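Q: mmCIF, C-alpha atoms, file data-v1.cif:
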data_coords
loop_
_atom_site.label_atom_id
_atom_site.label_comp_id
_atom_site.auth_asym_id
_atom_site.auth_seq_id
_atom_site.Cartn_x
_atom_site.Cartn_y
_atom_site.Cartn_z
CA MET A 1 0.00 0.00 0.00
CA LEU A 2 1.22 3.43 -0.87
CA VAL A 3 1.26 5.62 2.24
CA LEU A 4 1.50 9.40 1.88
CA THR A 5 1.56 12.08 4.54
CA ARG A 6 -0.77 15.02 3.95
CA LYS A 7 -1.63 18.12 5.94
CA LEU A 8 -5.08 19.57 6.38
CA GLY A 9 -6.38 20.90 3.06
CA GLU A 10 -3.81 19.09 0.95
CA ASP A 11 -4.79 16.90 -1.96
CA ILE A 12 -3.76 13.64 -3.51
CA LEU A 13 -4.42 13.11 -7.20
CA ILE A 14 -5.22 9.64 -8.50
CA GLY A 15 -5.00 9.32 -12.25
CA ASP A 16 -6.36 12.24 -14.29
CA SER A 17 -9.73 12.54 -12.74
CA VAL A 18 -9.78 11.74 -9.05
CA SER A 19 -8.64 13.97 -6.23
CA VAL A 20 -8.76 13.27 -2.53
CA ARG A 21 -8.47 16.01 0.09
CA VAL A 22 -8.06 15.97 3.84
CA VAL A 23 -10.91 18.25 4.88
CA SER A 24 -10.72 18.08 8.63
CA ILE A 25 -8.91 16.22 11.36
CA GLU A 26 -10.52 15.84 14.74
CA ASN A 27 -9.42 13.47 17.49
CA ASN A 28 -9.35 10.10 15.75
CA LYS A 29 -11.56 11.08 12.82
CA VAL A 30 -10.42 12.35 9.46
CA GLN A 31 -12.85 13.88 7.01
CA ILE A 32 -11.96 13.21 3.41
CA GLY A 33 -13.31 15.00 0.38
CA ILE A 34 -13.25 13.18 -2.93
CA GLU A 35 -13.79 14.57 -6.38
CA ALA A 36 -14.30 12.02 -9.11
CA PRO A 37 -16.31 11.52 -12.30
CA SER A 38 -19.83 10.25 -11.67
CA ASN A 39 -19.12 6.87 -13.23
CA ILE A 40 -16.74 6.05 -10.40
CA SER A 41 -18.47 4.56 -7.38
CA ILE A 42 -17.30 5.77 -4.01
CA TYR A 43 -18.53 3.84 -1.01
CA ARG A 44 -17.64 3.29 2.61
CA GLN A 45 -15.90 -0.03 2.65
CA GLU A 46 -18.02 -1.52 5.45
CA LEU A 47 -21.20 -0.84 3.48
CA VAL A 48 -19.88 -2.73 0.49
CA GLU A 49 -19.09 -5.62 2.86
CA LYS A 50 -22.63 -5.60 4.21
CA VAL A 51 -24.14 -5.68 0.74
CA ARG A 52 -21.71 -8.38 -0.32
CA ARG A 53 -22.70 -10.58 2.62
CA GLN A 54 -26.36 -9.98 1.91
CA ASN A 55 -25.96 -10.95 -1.74
CA GLN A 56 -24.03 -14.05 -0.82
CA SER A 57 -26.60 -15.19 1.70
CA SER A 58 -29.40 -14.54 -0.76
CA ILE A 59 -28.24 -17.26 -3.15
CA LEU A 60 -27.94 -19.88 -0.42
CA PHE A 61 -31.66 -20.47 -0.57
CA GLY A 62 -33.45 -22.15 -3.41
CA ARG A 63 -36.54 -21.56 -5.44
CA ASN A 64 -38.63 -23.73 -3.12
CA ASP A 65 -37.71 -21.64 -0.10
CA PHE A 66 -38.83 -18.54 -1.94
CA ILE A 67 -42.06 -20.18 -3.07
CA SER A 68 -42.97 -20.64 0.59
CA ALA A 69 -41.72 -17.15 1.42
CA ALA A 70 -43.89 -15.74 -1.37
CA ARG A 71 -46.95 -17.58 -0.05
CA GLN A 72 -46.30 -16.22 3.42
CA LEU A 73 -45.94 -12.66 2.14
CA LYS A 74 -49.07 -12.81 0.04
CA ARG A 75 -51.05 -14.05 3.04
CA LEU A 76 -49.58 -11.30 5.18
CA TRP A 77 -50.22 -8.55 2.63
CA ASN A 78 -53.80 -9.71 2.11
CA VAL A 79 -54.40 -9.38 5.81
CA ARG A 80 -52.71 -6.02 6.02
CA TYR A 81 -54.40 -4.31 3.07
CA MET B 1 -30.54 -19.40 -26.88
CA LYS B 2 -31.50 -22.02 -24.35
CA VAL B 3 -30.64 -21.45 -20.74
CA VAL B 4 -30.83 -24.36 -18.37
CA THR B 5 -30.73 -23.67 -14.68
CA GLN B 6 -30.94 -26.16 -11.87
CA GLN B 7 -33.86 -24.44 -10.28
CA PHE B 8 -35.87 -23.11 -13.18
CA GLY B 9 -35.32 -25.74 -15.79
CA GLU B 10 -35.06 -24.65 -19.38
CA HIS B 11 -35.69 -21.13 -20.58
CA ASP B 12 -35.58 -19.61 -24.02
CA VAL B 13 -33.65 -16.39 -23.76
CA THR B 14 -33.25 -13.93 -26.60
CA ASP B 15 -30.23 -11.67 -26.86
CA GLU B 16 -32.50 -8.72 -26.10
CA GLN B 17 -33.23 -10.12 -22.69
CA ILE B 18 -29.63 -10.36 -21.65
CA ILE B 19 -28.51 -7.62 -19.27
CA TYR B 20 -24.84 -6.90 -19.04
CA PHE B 21 -23.37 -5.94 -15.66
CA PRO B 22 -19.92 -4.48 -16.39
CA ASN B 23 -18.94 -4.67 -12.71
CA GLY B 24 -20.92 -7.78 -11.88
CA ILE B 25 -22.96 -7.84 -8.69
CA ILE B 26 -21.22 -6.92 -5.44
CA GLY B 27 -19.54 -10.11 -4.23
CA PHE B 28 -19.99 -11.71 -7.65
CA GLU B 29 -17.83 -9.45 -9.74
CA ASP B 30 -17.20 -12.15 -12.36
CA ALA B 31 -20.86 -12.60 -13.13
CA LYS B 32 -21.56 -10.18 -15.95
CA LYS B 33 -24.51 -11.52 -17.86
CA PHE B 34 -27.94 -11.88 -16.36
CA VAL B 35 -31.55 -12.35 -17.36
CA ILE B 36 -34.63 -11.54 -15.36
CA ILE B 37 -36.95 -14.49 -15.08
CA ASP B 38 -40.54 -14.44 -13.89
CA ASP B 39 -41.61 -17.45 -11.95
CA GLU B 40 -45.32 -17.61 -11.24
CA ASP B 41 -44.92 -19.85 -8.19
CA SER B 42 -42.64 -17.43 -6.38
CA GLU B 43 -44.38 -14.16 -7.27
CA PRO B 44 -44.01 -11.33 -6.25
CA PHE B 45 -40.35 -12.25 -6.41
CA ARG B 46 -38.58 -12.23 -9.73
CA TRP B 47 -35.21 -13.80 -10.41
CA LEU B 48 -32.03 -12.25 -11.64
CA ILE B 49 -30.29 -15.29 -13.09
CA SER B 50 -26.63 -15.33 -13.97
CA LEU B 51 -25.75 -16.72 -17.38
CA ASP B 52 -22.07 -17.07 -16.64
CA LYS B 53 -20.34 -20.29 -15.78
CA LYS B 54 -21.94 -20.76 -12.43
CA GLU B 55 -25.65 -20.43 -12.91
CA PHE B 56 -27.28 -18.94 -9.88
CA GLY B 57 -29.99 -16.45 -9.27
CA PHE B 58 -30.91 -13.66 -6.93
CA PRO B 59 -34.51 -13.37 -5.85
CA VAL B 60 -35.45 -9.74 -6.30
CA LEU B 61 -38.44 -7.60 -5.52
CA ASP B 62 -39.82 -4.33 -6.81
CA PRO B 63 -38.99 -1.98 -3.89
CA SER B 64 -42.06 0.20 -4.51
CA ILE B 65 -44.01 -2.56 -2.78
CA VAL B 66 -42.38 -1.62 0.50
CA ILE B 67 -41.11 1.94 0.20
CA ASP B 68 -42.52 5.18 -1.17
CA ASN B 69 -40.45 7.77 -3.01
CA TYR B 70 -37.47 5.46 -3.07
CA GLU B 71 -36.09 7.29 -6.10
CA GLU B 72 -35.40 10.30 -3.91
CA GLU B 73 -32.65 8.32 -2.19
CA PHE B 74 -30.76 7.84 -5.46
CA PRO B 75 -27.85 9.95 -6.67
CA PRO B 76 -29.24 13.10 -8.37
CA ARG B 77 -28.84 12.00 -11.97
CA LEU B 78 -30.46 8.61 -11.42
CA ALA B 79 -33.17 10.12 -9.24
CA LYS B 80 -34.09 12.51 -12.03
CA GLN B 81 -34.17 9.70 -14.58
CA LEU B 82 -36.33 7.58 -12.32
CA LYS B 83 -38.77 10.42 -11.73
CA ASN B 84 -39.22 11.47 -15.35
CA GLY B 85 -40.56 8.54 -17.22
CA GLY B 86 -38.33 6.04 -15.55
CA SER B 87 -39.88 3.27 -17.57
CA LEU B 88 -36.53 2.56 -19.21
CA LEU B 89 -34.97 1.97 -15.84
CA GLY B 90 -35.82 -0.92 -13.60
CA VAL B 91 -35.00 -0.99 -9.90
CA PHE B 92 -34.82 -4.27 -8.04
CA CYS B 93 -33.80 -5.13 -4.50
CA VAL B 94 -32.32 -8.44 -3.44
CA VAL B 95 -34.35 -10.54 -1.03
CA THR B 96 -32.81 -12.82 1.58
CA LEU B 97 -34.17 -15.42 3.94
CA LYS B 98 -32.77 -15.59 7.43
CA GLY B 99 -32.29 -19.10 8.73
CA GLU B 100 -34.83 -21.18 10.59
CA ALA B 101 -36.91 -18.26 11.79
CA GLY B 102 -38.16 -17.72 8.25
CA ASN B 103 -37.49 -14.02 8.25
CA ILE B 104 -37.74 -12.50 4.82
CA THR B 105 -35.73 -9.33 4.29
CA ILE B 106 -35.11 -6.94 1.44
CA ASN B 107 -31.93 -4.99 0.86
CA LEU B 108 -32.94 -1.36 0.39
CA LYS B 109 -29.36 -0.17 0.72
CA GLY B 110 -27.98 -1.84 -2.39
CA PRO B 111 -30.53 -1.71 -5.20
CA ILE B 112 -29.88 -3.12 -8.63
CA VAL B 113 -30.58 -0.65 -11.41
CA VAL B 114 -31.21 -1.94 -14.90
CA ASP B 115 -31.17 0.33 -17.92
CA TYR B 116 -33.38 -1.44 -20.43
CA GLU B 117 -32.37 0.89 -23.22
CA ASN B 118 -28.75 -0.21 -23.39
CA ARG B 119 -29.41 -3.41 -21.39
CA GLU B 120 -26.89 -2.62 -18.71
CA GLY B 121 -27.18 -3.20 -15.02
CA LYS B 122 -25.40 -2.16 -11.88
CA GLN B 123 -25.75 -2.67 -8.18
CA ILE B 124 -25.32 0.63 -6.39
CA ILE B 125 -25.15 1.53 -2.73
CA LEU B 126 -27.32 4.35 -1.40
CA THR B 127 -25.81 6.59 1.22
CA ALA B 128 -28.89 7.42 3.31
CA ASP B 129 -28.28 6.05 6.80
CA GLU B 130 -31.87 5.04 7.36
CA LEU B 131 -31.95 2.59 4.46
CA PRO B 132 -31.31 -0.89 5.85
CA VAL B 133 -29.51 -3.81 4.24
CA SER B 134 -32.05 -6.10 5.88
CA HIS B 135 -35.49 -4.53 5.91
CA PRO B 136 -37.97 -7.10 7.25
CA LEU B 137 -40.85 -8.04 4.96
CA ASN B 138 -42.66 -10.27 7.39
#
Write out the structure in this file as structure tokens.

A:
Amino acid sequence: MLVLTRKLGEDILIGDSVSVRVVSIENNKVQIGIEAPSNISIYRQELVEKVRRQNQSSILFGRNDFISAARQLKRLWNVRY
Amino acid sequence: MKVVTQQFGEHDVTDEQIIYFPNGIIGFEDAKKFVIIDDEDSEPFRWLISLDKKEFGFPVLDPSIVIDNYEEEFPPRLAKQLKNGGSLLGVFCVVTLKGEAGNITINLKGPIVVDYENREGKQIILTADELPVSHPLN
């Protein structure tokens, strides 16, 4: 991993189109500003992990499980509405 | 083209039905080609089936069933597209079952957006804190 030291307000450029700035430093929190083209996704890493786990658990179940789940939901929604 | 999946048997799929995911689905980055299959028995779920080597499918649901004004949570450009005649865009959320308890949950945090015009899809992550990865359906 490339490690660079930056002061408050200083930037790092990545390629031609991405810049990363240290916006504020407070106790053990650093605020980072990122400018990038809209086709580049920028996410908090732990959120990506959560979605990844959710996707992976979703395919563990089969069609039959979802047939019963669908029945249950339809019953529930009929009662509710 | 015939697509045979373990769970859904044989399906005739035309090239027009194939949706290309340049970045795959989060956690399945190698899976690039998908089709959406309707399966009467498991309605209201639909299935996003991978056509790549390992054939598997994600059960998905139209989020408007559970959330109003969902498009407002999208990045500005997508939100605008979804609001004005968003018929060329489809939004799906992945559904998961949770173990023995039979909990059914929907991921409102990471919707899958399909652009039917150029047949491209992408799973995005919405930043709003209140959108859960596991929103209970039952």

Q: Counting all atoms listed in the file, collect the residues of chain A whose closest atom lies at most 10 Å from chain B, and write them out as JSON, numbers by chain.

A: {"A": [38, 41, 42, 43, 44, 47, 48, 49, 50, 51, 52, 53, 54, 55, 56, 57, 58, 59, 60, 61, 62, 63, 64, 65, 66, 67, 68, 69, 70, 71, 72, 73, 74, 76, 77]}

Q: Report, in Å to a single decimal, how far apart atom CA of A:Ser17 and atom CA of B:Glu71 are.

A: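 Result for atom CA of B:Glu71 versus atom CA of A:Ser17: 27.7 Å, one decimal.
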
Q: In Å, how far is it from atom CA of A:Leu8 to atom CA of A:Ala36?

A: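 Taking atom CA of A:Leu8 as the start and atom CA of A:Ala36 as the end point, the length is 19.5 Å.
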
Q: Mind checking which residues fall within 8 Å of A:Asp11, counting all atoms listed in the file, ignoring those fewer than 6 positions away in the same chain, and posting them as a ChimeraX atom specification?

A: /A:19-22

Q: Taking (-31.1, 4.5, -15.2) in the file's own coordinates, collect the residues within 7 Å, counting only C-alpha atoms, and hand them back as a ChimeraX atom specification.

A: /B:78,81-82,89,113-115

Q: Applied to the shown file, which residues does the PyMOL selection byres ((chain B and resi 62) around 8) return, written as number ranges by chain?

A: B: 45, 60-61, 63-65, 91-93

Q: Could you tell me how far atom CA of B:Asn69 sits from atom CA of B:Asn23, in Å to one decimal place?

A: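 Spanning atom CA of B:Asn23 to atom CA of B:Asn69 is a straight-line distance of 26.7 Å.
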
Q: Pick out the closest residue to B:Phe21 from this set: B:Gly9, B:Pro136, B:Gly90, B:Gly121. Count all atoms listed in the file.

A: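 The closest residue to B:Phe21 is B:Gly121.
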
Q: Could you name the residues that touch B:Asp12 at 7 Å or less, counting all atoms listed in the file, but leaving out those on the same chain fewer than 3 positions away, as a ChimeraX atom specification?

A: /B:1-3

Q: If you take every atom of stretch 27-42 of chain A that the file lists and fit an axis-aligned box around them with 8 Å extra on each side, what centre and edge lengths come out in Å to one decimal, as JSON?

A:
{"center_x": -14.6, "center_y": 9.8, "center_z": 2.1, "size_x": 26.5, "size_y": 26.4, "size_z": 46.7}

Q: Name the residues within 12 Å of (-32.2, -16.9, -24.3), counting only C-alpha atoms in the file's coordinates, and put them as a list of chain:residue names.

A: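 Checking each residue against the 12 Å limit leaves B:Met1, B:Lys2, B:Val3, B:Val4, B:Thr5, B:Glu10, B:His11, B:Asp12, B:Val13, B:Thr14, B:Asp15, B:Glu16, B:Gln17, B:Ile18, B:Ile19, B:Lys33, B:Phe34, B:Val35, B:Ile36, B:Ile37, B:Ile49, B:Ser50, B:Leu51.
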
Q: So which residues touch A:Ile25 within 10 Å, counting all atoms listed in the file, skipping near sequence neighbours fewer than 5 positions away, as a VMD selection string?

A: chain A and resid 7 to 9 30 to 32

Q: Put those residues in a file: C-alpha atoms, as a short mmCIF file (atom, residue, chain, number, x, y, z; two decimals), in the coordinates of the input.

A:
data_model
loop_
_atom_site.label_atom_id
_atom_site.label_comp_id
_atom_site.auth_asym_id
_atom_site.auth_seq_id
_atom_site.Cartn_x
_atom_site.Cartn_y
_atom_site.Cartn_z
CA LYS A 7 -1.63 18.12 5.94
CA LEU A 8 -5.08 19.57 6.38
CA GLY A 9 -6.38 20.90 3.06
CA VAL A 30 -10.42 12.35 9.46
CA GLN A 31 -12.85 13.88 7.01
CA ILE A 32 -11.96 13.21 3.41
#
